[in-house]
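**Q** The structure follows.
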Amino acid sequence: MVYQEGTKFWFQSFFGSWVQELSNHFEEVAVLVEMTTAKTEFQDYLVDSSQIRLYSIGYRGAQSKAQRTNSIKNWGKELSGKYDFLLIRGITPRQYEVYRAFTNSKVFLLVGSLIDSKPQFGLSTLKILLWYLNKVRLIQLKLISKGAQMFANSPKIVNELDEILHTRSTFIPTNTISANDFIPIQFRGIQKVPKLLFCGRVVKDKGIEELIEAVSELKKRGLPCALKIVGGILPEYKTQLLQMIDRLEISELISFQGFVSFGNELLNFYREADIYILPSWHEGFPHSIWEASCSCTPVITTDVGGIPGLVSSDEVLFIRPKCALEISQAVFTLIENQSGVELRVENAYKLARSYSVENCARLLKDKLGETVK
């Protein structure tokens, strides 16, 4: 979704920075988008390039499904002859409509795990609907794969496409960290009373409750760590977490910072932290790990989803999901072996640098060039 403000267009950072960089490698980039009538806090990246063209399929909530479908068909007729490639970034709700409407050479870039995004079947109306929609989109993806060049943004997803849909694909990372966002490589050391950081959507399946329990456990073991929680959170869930924190008697150790737009303000949280912790139950590949890596901040994270497909124990310290004790023990492990931490920080920095948004856009251009040949 995009918000227009005069001649300015605001994207969500992870997508906007990628589109911006693509415009540096292609003569022109057209983006087919749904618009919003009001700017949200998540639309935090200003796209500024004379080589980018935006084409709207309508405003969220203002058009019917039929109107959006007609808009897609009309743009397909008008734009198919003007551009060399149609790149679909999915899985996305109207992926098959877009695929059928355009006659360009087609590329599909899968940016989320098929396994981790699979909803559990249940007897409630919502669970049945989500299960059904997931099945439909997998069928669509299989049909798309017969006529499109398939890319995936992690080696794990490459394997999933092969195993689940019997479709061959190419690994194309879509990192949103620019080379300009990297600080000079350094190891700051971990303080005796470490400053911990969580950054992401503050929801249950991000492991936030286990992280709070781990702070309590660390305090009991004589290590009162300070934890900053950065990310959007629903008011009712924040109330629930505050009650939990009060019950554990660690209110003085934990602060909620709210949503912070990508940029120096956000990266400064990483640069000021001793350890970044992401105890998610499932993930595609969170770019918060790259944000920590470009800031030279050691990472503790769960070995789930696409994470182990891109980083290893050479770069991060892995823990099991849903285990507060493992989080607390991992903090002690890093404190007690700071030479090992320094090596992980260096390795993660170099790996993130190799996957900079500039390098990833260049790789995509090269692969599309191979398709033409």
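Chain labels follow the order of the structure tokens: the first chain is A, the next B, and so on; residue numbering restarts at 1 in every chain, and ligands are counted from 1 in their shown order.
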For A:Thr37, list every protein, DNA or RNA residue within 10 Å, evaluated using only C-alpha atoms, and leave out those in the same chain fewer than 2 positions away; present the list as a PyMOL selection string.

**A** chain A and resi 2-5+35+39-40+59-62

**Q** Please produce, as a tab-separated table, a per-residue contact table for stretch 128-218 of chain A versus stretch 332-344 of chain A (criterion: any atom at most 9 Å away, only C-alpha atoms considered), showing the nearest atom pair and its distance in Å to one decimal, sorted by chain then residue number.

**A**
```
residue	atom	partner	partner_atom	distance
A:Gln186	CA	A:Glu342	CA	8.5
A:Phe187	CA	A:Glu342	CA	5.9
A:Arg188	CA	A:Glu342	CA	8.7
A:Gly189	CA	A:Gln338	CA	7.0
A:Ile190	CA	A:Ile335	CA	6.3
A:Gln191	CA	A:Ile335	CA	8.1
A:Lys192	CA	A:Ile335	CA	7.8
A:Pro194	CA	A:Ile335	CA	8.6
A:Leu218	CA	A:Phe332	CA	8.7
```

**Q** Could you save the residues just selected, with C-alpha atoms, as a compact mmCIF listing (two decimals), in the first residue's frame?

**A**
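selection_13.txt, written as the output of this step:
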```txt
# COMPACT_ATOMS: atom_id res chain seq x y z
CA GLN A 186 33.57 -2.49 15.53
CA PHE A 187 33.03 -4.57 18.65
CA ARG A 188 31.73 -2.53 21.55
CA GLY A 189 31.81 -5.29 24.14
CA ILE A 190 28.93 -6.32 26.38
CA GLN A 191 28.46 -4.36 29.57
CA LYS A 192 28.20 -6.01 32.97
CA PRO A 194 23.63 -5.60 29.39
CA LEU A 218 18.20 -12.88 34.62
```

**Q** Do you know which residues are at most 6 Å from A:Ser80 counting only C-alpha atoms, after dropping those on the same chain fewer than 5 positions away, and could you put them as a PyMOL selection string?

**A** chain A and resi 102-104

**Q** Please save C-alpha atoms of the selected residues as a short mmCIF file (atom, residue, chain, number, x, y, z; two decimals), in the first residue's frame.

**A**
```cif
data_model
loop_
_atom_site.label_atom_id
_atom_site.label_comp_id
_atom_site.auth_asym_id
_atom_site.auth_seq_id
_atom_site.Cartn_x
_atom_site.Cartn_y
_atom_site.Cartn_z
CA PHE A 102 -0.17 -8.94 -18.27
CA THR A 103 1.56 -10.41 -21.32
CA ASN A 104 5.16 -9.43 -20.46
#
```

**Q** With distances taken over only C-alpha atoms, which of A:Trp281, A:Phe26, A:Phe42, A:Phe182 is nearest to A:Phe85?

**A** A:Phe26

**Q** Just asking: which residues within stretch 227-329 of chain A are strand (DSSP E or B) according to DSSP, as a ChimeraX atom specification?

**A** /A:227-230,254-258,275-278,299-302,317-319

**Q** Find the residues of stretch 271-322 of chain A that sit at most 12 Å from stretch 259-265 of chain A; for each, write down the nearest two atoms and how far apart they are in Å, to one decimal. Count only C-alpha atoms. Sort by chain, then by number going up, and give it as JSON lines.

**A**
```
{"residue": "A:Arg271", "atom": "CA", "partner": "A:Asn264", "partner_atom": "CA", "distance": 9.7}
{"residue": "A:Glu272", "atom": "CA", "partner": "A:Glu265", "partner_atom": "CA", "distance": 10.9}
{"residue": "A:His287", "atom": "CA", "partner": "A:Phe262", "partner_atom": "CA", "distance": 11.0}
{"residue": "A:Ser288", "atom": "CA", "partner": "A:Phe262", "partner_atom": "CA", "distance": 10.3}
{"residue": "A:Glu291", "atom": "CA", "partner": "A:Phe262", "partner_atom": "CA", "distance": 9.5}
{"residue": "A:Cys294", "atom": "CA", "partner": "A:Asn264", "partner_atom": "CA", "distance": 11.8}
{"residue": "A:Ser295", "atom": "CA", "partner": "A:Asn264", "partner_atom": "CA", "distance": 10.5}
```

**Q** Excluding A:Tyr45 and any residue of its chain fewer than 4 positions from it, enumerate the residues within 6 Å of it, using only C-alpha atoms, and give them as number ranges by chain.

**A** A: 10-13, 16

**Q** If we count only C-alpha atoms, what is near A:Leu143 at a cut-off of 12 Å, once residues fewer than 5 positions away on the same chain are taken out, given as a list of chain:residue names?

**A** A:Gln95, A:Tyr96, A:Glu97, A:Tyr99, A:Arg100, A:Phe108, A:Val136, A:Arg137, A:Leu138, A:Ala148, A:Gln149, A:Met150, A:Leu165, A:His166, A:Thr167

**Q** Please return as a PyMOL selection string: the residues of stretch 67-299 of chain A that backbone DSSP assigns to helix (DSSP H, G or I).

**A** chain A and resi 67-79+95-101+125-145+155-165+179-181+204-206+208-220+235-248+251-253+264-272+288-294

**Q** Any chance you could export the current selection's C-alpha atoms as a compact mmCIF listing (two decimals), in the first residue's frame?

**A**
```
# COMPACT_ATOMS: atom_id res chain seq x y z
CA GLN A 67 -13.52 -2.68 -9.51
CA ARG A 68 -9.99 -3.62 -8.45
CA THR A 69 -10.04 -6.59 -10.83
CA ASN A 70 -11.14 -4.38 -13.71
CA SER A 71 -8.41 -1.89 -12.86
CA ILE A 72 -5.79 -4.66 -12.97
CA LYS A 73 -7.09 -5.85 -16.34
CA ASN A 74 -7.03 -2.32 -17.75
CA TRP A 75 -3.48 -1.68 -16.59
CA GLY A 76 -2.46 -5.03 -18.04
CA LYS A 77 -3.73 -4.00 -21.46
CA GLU A 78 -2.11 -0.57 -21.28
CA LEU A 79 1.27 -1.46 -19.76
CA GLN A 95 -1.22 -12.43 -7.72
CA TYR A 96 -3.08 -14.61 -10.24
CA GLU A 97 -5.22 -11.74 -11.50
CA VAL A 98 -2.06 -9.72 -12.18
CA TYR A 99 -0.32 -12.72 -13.75
CA ARG A 100 -3.18 -13.29 -16.19
CA ALA A 101 -3.71 -9.60 -17.03
CA THR A 125 -15.29 -19.88 10.24
CA LEU A 126 -12.13 -17.76 10.22
CA LYS A 127 -9.77 -20.74 10.38
CA ILE A 128 -11.62 -22.55 7.61
CA LEU A 129 -11.49 -19.41 5.45
CA LEU A 130 -7.75 -18.89 6.03
CA TRP A 131 -7.04 -22.55 5.31
CA TYR A 132 -9.07 -22.35 2.09
CA LEU A 133 -7.38 -19.13 0.90
CA ASN A 134 -3.96 -20.66 1.55
CA LYS A 135 -4.89 -23.68 -0.59
CA VAL A 136 -6.15 -21.41 -3.40
CA ARG A 137 -2.96 -19.33 -3.40
CA LEU A 138 -0.77 -22.44 -3.52
CA ILE A 139 -2.74 -23.67 -6.55
CA GLN A 140 -2.32 -20.24 -8.14
CA LEU A 141 1.40 -20.29 -7.41
CA LYS A 142 1.73 -23.68 -9.08
CA LEU A 143 -0.06 -22.35 -12.17
CA ILE A 144 2.09 -19.21 -12.18
CA SER A 145 5.27 -21.28 -11.94
CA PRO A 155 17.60 -20.80 0.23
CA LYS A 156 14.98 -22.36 2.52
CA ILE A 157 12.15 -21.08 0.30
CA VAL A 158 14.00 -22.37 -2.78
CA ASN A 159 13.86 -25.81 -1.17
CA GLU A 160 10.18 -25.39 -0.23
CA LEU A 161 9.21 -24.58 -3.81
CA ASP A 162 11.04 -27.68 -4.96
CA GLU A 163 9.57 -29.98 -2.30
CA ILE A 164 6.00 -28.65 -2.12
CA LEU A 165 5.29 -27.47 -5.68
CA ALA A 179 25.52 -0.01 2.29
CA ASN A 180 25.08 3.57 3.54
CA ASP A 181 23.40 2.27 6.74
CA LYS A 204 2.69 -13.24 21.11
CA ASP A 205 4.26 -15.35 18.38
CA LYS A 206 7.32 -13.11 18.26
CA ILE A 208 7.83 -11.44 23.49
CA GLU A 209 6.37 -13.10 26.59
CA GLU A 210 9.26 -15.55 26.80
CA LEU A 211 11.65 -12.62 26.47
CA ILE A 212 9.98 -10.82 29.37
CA GLU A 213 10.18 -14.01 31.44
CA ALA A 214 13.88 -14.23 30.56
CA VAL A 215 14.47 -10.72 31.92
CA SER A 216 12.86 -11.85 35.17
CA GLU A 217 15.07 -14.96 35.24
CA LEU A 218 18.20 -12.88 34.62
CA LYS A 219 17.27 -10.59 37.51
CA LYS A 220 16.86 -13.61 39.80
CA PRO A 235 -3.28 -1.31 23.36
CA GLU A 236 -5.02 -4.35 24.86
CA TYR A 237 -1.95 -6.55 24.40
CA LYS A 238 0.32 -3.89 25.88
CA THR A 239 -1.96 -3.78 28.94
CA GLN A 240 -1.64 -7.55 29.23
CA LEU A 241 2.15 -7.39 29.01
CA LEU A 242 2.37 -4.56 31.55
CA GLN A 243 0.36 -6.67 33.98
CA MET A 244 2.76 -9.54 33.40
CA ILE A 245 5.76 -7.26 33.96
CA ASP A 246 4.24 -5.90 37.20
CA ARG A 247 3.58 -9.43 38.41
CA LEU A 248 7.21 -10.38 37.77
CA SER A 251 8.86 -2.78 35.65
CA GLU A 252 12.04 -0.77 36.10
CA LEU A 253 13.88 -3.01 33.60
CA ASN A 264 18.95 6.51 11.90
CA GLU A 265 16.47 6.78 14.78
CA LEU A 266 15.71 3.07 14.54
CA LEU A 267 19.31 2.02 13.88
CA ASN A 268 20.47 4.01 16.91
CA PHE A 269 18.53 1.61 19.12
CA TYR A 270 20.69 -1.21 17.76
CA ARG A 271 23.88 0.82 18.02
CA GLU A 272 23.17 1.56 21.68
CA SER A 288 15.88 -6.84 11.87
CA ILE A 289 18.75 -9.35 11.91
CA TRP A 290 20.42 -7.37 9.13
CA GLU A 291 19.66 -4.14 11.01
CA ALA A 292 21.49 -5.54 14.03
CA SER A 293 24.32 -6.86 11.88
CA CYS A 294 24.96 -3.54 10.12
```
